[in-house]
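Structure first, commentary second.
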Amino acid sequence: MLAAHDGQAQIIAGGTDLVLQSQRGQCMARVMVDITRIPGLDTIEEREGYVTIGCQVTHAQIAASPLIAARAKVLQEAALSVGTPQIRNVGTLAGNVVSAQPGADGSLALLALDATLDVVDLAGNTRRVPVAEAFVRPDVSTIDPRREMITLIRLPALAAHQASAYGRMAKRRASALPVLAVGVVISTEQKTKSIAQRFGWVRIALGPVALTPYRARRAEEVLRGAAISSPAIEQAAQVASQEAQPRSSVLRGSREYRQEMVRVYVRRTLEAAVGRVTRDEG
Ligand SMILES: Cc1cc2nc3c(=O)[nH]c(=O)nc-3n(C[C@H](O)[C@H](O)[C@H](O)COP(=O)(O)OP(=O)(O)OC[C@H]3O[C@@H](n4cnc5c(N)ncnc54)[C@H](O)[C@@H]3O)c2cc1C
C-alpha cells in the first residue's frame, strides 16, 4: 500500500504521535496505512539468546511481559513510565523509535540494551539497523515511515551476571515527558555465584540531554573493568554529568540543575542495576 501511494502514504500504529502531528498540520501524508492488524507482528519471544519484539507490541504489553521483566528490566521500567494507561495500551515501541524524541522512554531503554531493528523496504528487502544509528535529530529517524517499516526489534537477552535499570525524573508521575531519564545495562565478572566483583562493560543511555537519545561513553569507560564500588560509581556519574550538554529550558530547568541531576540519576540507576545483579536478577 505504501508503494501504491508512492510517498503519499505513511504507516500508523497506535497513532499517539501521528494523530497529534496530523492535527497540527505536521503530517503531509494523504493516506495512513494501519499496520496494527497484520498477523504475526504482536509477539514478544526469546530466540537464540535474543528477545524479539514485534512492531505492534505496545508499551502495556512490554510492561506486563514476564520475559521482558526477566531479560530486559530496563525496558519494562521504561515502558511503565510512558504517558498514561491509555497511551501505553495503544502506543508501540516501534513508533516510539521512529518518532525520535530525545527523551523517548522506550528508545532510551533500547539504546542501553544495544537493540537492533529489522527494517523492511518496499521491495521486501530487510536491513538491520542498530538502534544507536536510528536517530538523526528530534522528530527525525533514519527510518522513513512512507517507504519502510520496522517489523521486529531485537535485543540481547540479559544473562544472570548482567542487569539493568531505568531512572526517570519528571514533573509528575504520569503523563509527563522526562526532565531526565537514564537507562543502564551492566555486565559483571563474578568470582562466586552470588557476588559480582567487577564491572565488565557498562552502557549508559541518557535523554533528553542532547538532540537524540545519547550514550555517555566516557562514563562507560570509567567503569569498564573497574571494581564494583561506590567511589567508582560516583566517578562515572561525575563524568556523565560533565559529558552531558543539556540546554537551559523553561520546561525542564536550567543547564546547571539538569547537569547535577544527571550525576544523581546516573549514580542511583547504576546502584539499582548493581543491586539486581548481586541478587541474580535480570
Ligand atoms: C499524552 C501523551 C503522553 C506521552 N507520554 C510519553 C512518555 O511519557 N514517554 C514517551 O516516550 N512517549 C510518550 N508519548 C509519545 C508516544 O506515546 C510514543 O512515542 C509512542 O510509543 C508512539 O507509538 P505509536 O504506536 O502511537 O506511533 P504512531 O503515532 O502510530 O507513529 C509514530 C511514528 O512512527 C511511525 N511508525 C509507527 N510504527 C512504525 C513501524 N512499525 N515502522 C515504521 N514506522 C512506524 C509513524 O509513521 C510515525 O511517524 C506520549 C504521547 C502522548 C499523546
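In the C-alpha cells, chains take letters A, B, ... by order of appearance, with residues numbered from 1 within each chain and ligands from 1 in the order shown.
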
Shell of 8 Å around range 73-85 of chain A, only C-alpha atoms, local chain residues under 4 positions omitted, as a list in words:
His59, Ala60, Ile62, Ala63, Ala64, Ser65, Ile68, Ala69, Asn89, Asp105, Gly106, Ala109, Leu110, Ala163, Ser164, Ala165, Tyr166, Arg173, Ala174, Ser175, Ala176, Leu177, Gly183, Val184, Val185 and Gly282 of chain A

Those selected residues, please, written with N, CA, C and O atoms and delivered as a tab-separated table (two decimals), in the first residue's frame.
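Saved file result-v9.tsv follows:
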```
chain	number	residue	atom	x	y	z
A	59	HIS	N	3.48	-0.52	24.70
A	59	HIS	CA	4.18	-0.33	25.98
A	59	HIS	C	3.50	-1.15	27.09
A	59	HIS	O	4.18	-1.70	27.95
A	60	ALA	N	2.18	-1.27	27.04
A	60	ALA	CA	1.46	-2.03	28.07
A	60	ALA	C	1.85	-3.52	28.00
A	60	ALA	O	2.04	-4.17	29.04
A	62	ILE	N	4.65	-4.71	26.90
A	62	ILE	CA	6.03	-4.83	27.39
A	62	ILE	C	6.05	-4.78	28.92
A	62	ILE	O	6.71	-5.58	29.58
A	63	ALA	N	5.29	-3.84	29.48
A	63	ALA	CA	5.28	-3.69	30.94
A	63	ALA	C	4.77	-4.96	31.62
A	63	ALA	O	5.21	-5.29	32.72
A	64	ALA	N	3.87	-5.69	30.95
A	64	ALA	CA	3.26	-6.88	31.57
A	64	ALA	C	4.00	-8.17	31.23
A	64	ALA	O	3.62	-9.24	31.72
A	65	SER	N	5.04	-8.11	30.45
A	65	SER	CA	5.69	-9.35	29.96
A	65	SER	C	6.69	-9.91	30.98
A	65	SER	O	7.68	-9.25	31.31
A	68	ILE	N	10.24	-9.90	29.44
A	68	ILE	CA	10.94	-8.60	29.48
A	68	ILE	C	11.40	-8.31	30.91
A	68	ILE	O	12.52	-7.83	31.12
A	69	ALA	N	10.59	-8.64	31.89
A	69	ALA	CA	10.98	-8.40	33.30
A	69	ALA	C	12.24	-9.19	33.64
A	69	ALA	O	13.11	-8.70	34.36
A	89	ASN	N	-1.57	1.56	26.30
A	89	ASN	CA	-2.38	0.50	25.69
A	89	ASN	C	-2.33	0.52	24.18
A	89	ASN	O	-2.59	-0.50	23.54
A	105	ASP	N	11.14	7.29	26.24
A	105	ASP	CA	11.50	6.27	27.24
A	105	ASP	C	11.90	4.94	26.60
A	105	ASP	O	12.93	4.35	26.96
A	106	GLY	N	11.08	4.45	25.67
A	106	GLY	CA	11.38	3.16	25.04
A	106	GLY	C	12.69	3.21	24.28
A	106	GLY	O	13.51	2.28	24.36
A	109	ALA	N	15.74	3.00	26.60
A	109	ALA	CA	15.98	1.63	27.09
A	109	ALA	C	16.60	0.77	25.99
A	109	ALA	O	17.54	0.01	26.23
A	110	LEU	N	16.10	0.93	24.75
A	110	LEU	CA	16.65	0.13	23.64
A	110	LEU	C	18.10	0.50	23.36
A	110	LEU	O	18.92	-0.35	23.01
A	163	ALA	N	22.68	-7.02	34.37
A	163	ALA	CA	21.46	-6.45	34.96
A	163	ALA	C	21.24	-5.07	34.37
A	163	ALA	O	22.12	-4.49	33.73
A	164	SER	N	20.04	-4.55	34.60
A	164	SER	CA	19.69	-3.26	34.01
A	164	SER	C	18.73	-2.51	34.93
A	164	SER	O	18.11	-3.11	35.82
A	165	ALA	N	18.62	-1.21	34.70
A	165	ALA	CA	17.68	-0.40	35.49
A	165	ALA	C	17.39	0.89	34.73
A	165	ALA	O	18.16	1.30	33.86
A	166	TYR	N	16.27	1.51	35.07
A	166	TYR	CA	15.85	2.76	34.44
A	166	TYR	C	15.57	3.79	35.53
A	166	TYR	O	14.88	3.49	36.50
A	173	ARG	N	4.15	12.07	38.06
A	173	ARG	CA	4.43	10.64	37.91
A	173	ARG	C	3.71	10.05	36.71
A	173	ARG	O	3.99	8.93	36.31
A	174	ALA	N	2.75	10.76	36.14
A	174	ALA	CA	2.07	10.24	34.94
A	174	ALA	C	1.92	11.35	33.92
A	174	ALA	O	1.88	12.54	34.27
A	175	SER	N	1.84	10.94	32.65
A	175	SER	CA	1.60	11.87	31.54
A	175	SER	C	2.52	13.07	31.55
A	175	SER	O	2.09	14.20	31.39
A	176	ALA	N	3.80	12.82	31.76
A	176	ALA	CA	4.79	13.89	31.69
A	176	ALA	C	6.05	13.32	31.06
A	176	ALA	O	6.59	12.32	31.54
A	177	LEU	N	6.52	13.99	30.00
A	177	LEU	CA	7.78	13.55	29.41
A	177	LEU	C	8.90	13.79	30.41
A	177	LEU	O	8.80	14.67	31.26
A	183	GLY	N	18.95	5.07	31.20
A	183	GLY	CA	18.87	3.61	31.08
A	183	GLY	C	20.26	3.04	31.24
A	183	GLY	O	21.21	3.52	30.63
A	184	VAL	N	20.37	2.01	32.09
A	184	VAL	CA	21.69	1.43	32.37
A	184	VAL	C	21.64	-0.08	32.18
A	184	VAL	O	20.68	-0.73	32.60
A	185	VAL	N	22.66	-0.62	31.52
A	185	VAL	CA	22.84	-2.08	31.46
A	185	VAL	C	24.28	-2.36	31.87
A	185	VAL	O	25.20	-1.71	31.36
A	282	GLY	N	17.62	-10.47	36.38
A	282	GLY	CA	17.92	-9.83	35.09
A	282	GLY	C	17.75	-8.36	35.19
A	282	GLY	O	18.11	-7.63	34.33
```

Select from range 11-49 of chain A every residue with an atom at most 8 Å from any atom of range 55-58 of chain A, then for each give the shortest pair of atoms and their distance in Å to one decimal, using only C-alpha atoms, rows by chain and rising number, as a tab-separated table.
```
residue	atom	partner	partner_atom	distance
A:Ala13	CA	A:Gln56	CA	7.0
A:Ile35	CA	A:Gln56	CA	7.6
A:Thr36	CA	A:Gln56	CA	5.8
A:Leu41	CA	A:Gln56	CA	5.6
A:Asp42	CA	A:Gln56	CA	4.8
A:Thr43	CA	A:Val57	CA	6.6
A:Ile44	CA	A:Val57	CA	7.6
```

Identify, on the basis of only C-alpha atoms, every residue whose closest approach to Leu122 in chain A does not exceed 9 Å; exclude the query and any residue fewer than 5 positions from it along the same chain; express the result as an MDAnalysis selection string.
chainID A and resid 2:3 147:149

Residues of the last selection are to be written out with all heavy atoms, as a short mmCIF file (atom, residue, chain, number, x, y, z; two decimals), in the first residue's frame.
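The resulting file, again-v7.cif, is shown below:
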```
data_model
loop_
_atom_site.label_atom_id
_atom_site.label_comp_id
_atom_site.auth_asym_id
_atom_site.auth_seq_id
_atom_site.Cartn_x
_atom_site.Cartn_y
_atom_site.Cartn_z
N LEU A 2 2.00 1.21 0.73
CA LEU A 2 2.90 2.36 0.71
C LEU A 2 3.43 2.58 -0.71
O LEU A 2 3.49 3.73 -1.19
CB LEU A 2 4.09 2.15 1.67
CG LEU A 2 3.80 2.12 3.17
CD1 LEU A 2 5.09 1.87 3.95
CD2 LEU A 2 3.14 3.40 3.66
N ALA A 3 3.77 1.49 -1.40
CA ALA A 3 4.29 1.59 -2.76
C ALA A 3 3.22 2.15 -3.69
O ALA A 3 3.50 3.02 -4.53
CB ALA A 3 4.77 0.22 -3.24
N ARG A 147 8.18 4.74 3.30
CA ARG A 147 8.78 3.75 2.40
C ARG A 147 9.36 2.54 3.12
O ARG A 147 9.84 1.61 2.48
CB ARG A 147 9.89 4.40 1.57
CG ARG A 147 9.35 5.45 0.63
CD ARG A 147 10.39 6.04 -0.29
NE ARG A 147 9.72 6.89 -1.26
CZ ARG A 147 9.35 8.14 -1.02
NH1 ARG A 147 9.58 8.68 0.16
NH2 ARG A 147 8.72 8.84 -1.94
N GLU A 148 9.34 2.56 4.44
CA GLU A 148 9.97 1.47 5.20
C GLU A 148 9.12 1.15 6.42
O GLU A 148 8.37 1.99 6.90
CB GLU A 148 11.36 1.90 5.69
CG GLU A 148 12.38 2.10 4.59
CD GLU A 148 13.72 2.53 5.17
OE1 GLU A 148 13.75 3.48 5.98
OE2 GLU A 148 14.72 1.91 4.81
N MET A 149 9.33 -0.07 6.92
CA MET A 149 8.59 -0.47 8.12
C MET A 149 9.50 -1.27 9.04
O MET A 149 10.17 -2.20 8.61
CB MET A 149 7.41 -1.34 7.67
CG MET A 149 6.62 -1.92 8.79
SD MET A 149 5.13 -2.67 8.09
CE MET A 149 4.74 -3.83 9.35
#
```

Between CA of Ile204 in chain A and CA of Val266 in chain A, what is the distance, to one decimal in Å?
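One can read the CA of Ile204 in chain A to CA of Val266 in chain A distance as 7.9 Å.
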
Neighbour list for Glu46 in chain A as a list in words, cut-off 12 Å, only C-alpha atoms, skip fewer than 2 positions in-chain:
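Those residues are Thr43, Ile44, Glu48, Gly49, Tyr50, Val51, Thr52, Ile53, Gly54, Ser65, Pro66, Leu67, Ile68, Ala70, Arg71, Ala72, Ile153, Arg154, Leu155, Pro156, Ala157 and Leu158 of chain A.
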
One decimal, Å: what's the distance from CA of Ser229 in chain A over to CA of Leu108 in chain A, could you say?
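Separation of CA of Ser229 in chain A and CA of Leu108 in chain A: 25.1 Å.
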
Considering only C-alpha atoms, return as a JSON list (two decimals) with C-alpha atoms, in the first residue's frame whatever protein or nucleic-acid residues lie within 10 Å of Asn96 in chain A, sequence-local ones (same chain, fewer than 2 positions apart) excluded.
```
[["chain", "number", "residue", "atom", "x", "y", "z"],
["A", 14, "GLY", "CA", -1.02, 3.45, 17.89],
["A", 16, "THR", "CA", -0.41, 8.60, 19.76],
["A", 17, "ASP", "CA", 2.21, 10.74, 18.00],
["A", 58, "THR", "CA", 2.56, -1.82, 22.90],
["A", 59, "HIS", "CA", 4.18, -0.33, 25.98],
["A", 91, "GLY", "CA", 1.42, 3.31, 21.76],
["A", 92, "THR", "CA", 4.03, 0.96, 20.31],
["A", 93, "LEU", "CA", 7.75, 0.65, 20.97],
["A", 94, "ALA", "CA", 8.48, 0.81, 17.21],
["A", 98, "VAL", "CA", 10.55, 6.33, 14.66],
["A", 99, "SER", "CA", 9.22, 9.44, 16.42],
["A", 100, "ALA", "CA", 12.84, 10.07, 17.53],
["A", 101, "GLN", "CA", 12.23, 12.18, 20.61],
["A", 104, "ALA", "CA", 11.62, 8.87, 24.48],
["A", 105, "ASP", "CA", 11.50, 6.27, 27.24],
["A", 106, "GLY", "CA", 11.38, 3.16, 25.04],
["A", 107, "SER", "CA", 14.15, 4.42, 22.76],
["A", 108, "LEU", "CA", 16.45, 5.14, 25.71]]
```

Name the residues of range 14-239 of chain A that fall into strand (DSSP E or B) according to DSSP on the backbone, using the chain letters and numbers of this document, as an mmCIF file with C-alpha atoms, in the first residue's frame.
```
data_model
loop_
_atom_site.group_PDB
_atom_site.id
_atom_site.type_symbol
_atom_site.label_atom_id
_atom_site.label_comp_id
_atom_site.auth_asym_id
_atom_site.auth_seq_id
_atom_site.Cartn_x
_atom_site.Cartn_y
_atom_site.Cartn_z
ATOM 1 C CA VAL A 31 -3.180 8.165 3.292
ATOM 2 C CA MET A 32 -2.455 6.420 6.573
ATOM 3 C CA VAL A 33 -1.693 2.700 6.481
ATOM 4 C CA ASP A 34 -2.792 0.994 9.693
ATOM 5 C CA ILE A 44 7.442 -10.968 22.429
ATOM 6 C CA GLU A 45 9.656 -14.053 22.211
ATOM 7 C CA GLU A 46 13.072 -15.366 23.225
ATOM 8 C CA ARG A 47 15.114 -16.941 20.420
ATOM 9 C CA TYR A 50 17.759 -12.644 21.870
ATOM 10 C CA VAL A 51 14.418 -11.172 22.844
ATOM 11 C CA THR A 52 12.391 -10.236 19.771
ATOM 12 C CA ILE A 53 9.560 -7.732 19.908
ATOM 13 C CA GLY A 54 7.100 -7.379 17.018
ATOM 14 C CA THR A 58 2.564 -1.816 22.902
ATOM 15 C CA THR A 92 4.028 0.960 20.305
ATOM 16 C CA THR A 116 18.709 -3.624 16.542
ATOM 17 C CA LEU A 117 15.754 -3.023 14.246
ATOM 18 C CA ASP A 118 14.657 -5.153 11.291
ATOM 19 C CA VAL A 119 13.542 -2.622 8.678
ATOM 20 C CA VAL A 120 11.770 -3.820 5.518
ATOM 21 C CA ASP A 121 11.685 -1.668 2.367
ATOM 22 C CA THR A 126 15.302 -6.291 5.203
ATOM 23 C CA ARG A 127 18.147 -4.227 6.631
ATOM 24 C CA ARG A 128 19.254 -4.489 10.238
ATOM 25 C CA VAL A 129 19.752 -1.104 11.901
ATOM 26 C CA PRO A 130 21.485 -0.719 15.289
ATOM 27 C CA PHE A 135 18.234 8.802 15.494
ATOM 28 C CA VAL A 136 19.102 11.908 13.468
ATOM 29 C CA ARG A 137 17.527 14.829 15.360
ATOM 30 C CA VAL A 140 13.670 12.583 12.507
ATOM 31 C CA SER A 141 14.922 8.992 12.419
ATOM 32 C CA GLU A 148 9.968 1.468 5.198
ATOM 33 C CA MET A 149 8.589 -0.469 8.117
ATOM 34 C CA ILE A 150 10.177 -1.744 11.303
ATOM 35 C CA THR A 151 8.915 -5.303 11.609
ATOM 36 C CA LEU A 152 10.960 -6.538 14.563
ATOM 37 C CA ILE A 153 13.054 -5.163 17.421
ATOM 38 C CA ARG A 154 15.792 -7.481 18.625
ATOM 39 C CA LEU A 155 17.810 -7.213 21.845
ATOM 40 C CA PRO A 156 20.371 -9.440 23.530
ATOM 41 C CA GLN A 162 24.124 -8.860 33.746
ATOM 42 C CA ALA A 163 21.460 -6.447 34.956
ATOM 43 C CA SER A 164 19.694 -3.257 34.013
ATOM 44 C CA ALA A 165 17.683 -0.397 35.486
ATOM 45 C CA TYR A 166 15.854 2.764 34.439
ATOM 46 C CA GLY A 167 15.840 6.051 36.306
ATOM 47 C CA ARG A 168 13.496 8.873 35.422
ATOM 48 C CA MET A 169 12.807 12.358 36.684
ATOM 49 C CA LEU A 180 15.836 13.461 32.611
ATOM 50 C CA ALA A 181 15.931 9.715 32.021
ATOM 51 C CA VAL A 182 18.741 7.187 32.340
ATOM 52 C CA GLY A 183 18.866 3.611 31.083
ATOM 53 C CA VAL A 184 21.692 1.431 32.369
ATOM 54 C CA VAL A 185 22.842 -2.077 31.458
ATOM 55 C CA ILE A 186 25.825 -3.647 33.214
ATOM 56 C CA SER A 187 27.772 -6.826 32.661
ATOM 57 C CA THR A 188 29.833 -8.075 35.587
ATOM 58 C CA GLU A 189 32.520 -10.588 36.359
ATOM 59 C CA GLN A 190 31.691 -12.834 39.297
ATOM 60 C CA ALA A 196 29.559 -9.646 41.466
ATOM 61 C CA GLN A 197 33.006 -8.086 41.919
ATOM 62 C CA ARG A 198 33.975 -6.204 38.778
ATOM 63 C CA PHE A 199 32.200 -4.426 36.008
ATOM 64 C CA GLY A 200 32.788 -5.931 32.577
ATOM 65 C CA TRP A 201 31.186 -3.474 30.152
ATOM 66 C CA VAL A 202 28.560 -0.865 31.025
ATOM 67 C CA ARG A 203 26.100 1.019 28.808
ATOM 68 C CA ILE A 204 24.540 4.299 29.959
ATOM 69 C CA ALA A 205 21.829 5.903 27.803
ATOM 70 C CA LEU A 206 20.702 9.430 28.626
ATOM 71 C CA GLY A 207 17.937 11.745 27.477
ATOM 72 C CA TYR A 214 22.572 9.538 23.694
ATOM 73 C CA ARG A 215 25.232 7.174 25.198
ATOM 74 C CA ALA A 227 35.902 -2.972 40.877
#
```

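For the set A:Ala134, A:Ala112, A:Ala123, A:Ala240, the residue with the smallest atom-to-atom gap to ligand 1 is A:Ala134, counting only C-alpha atoms and all ligand atoms.
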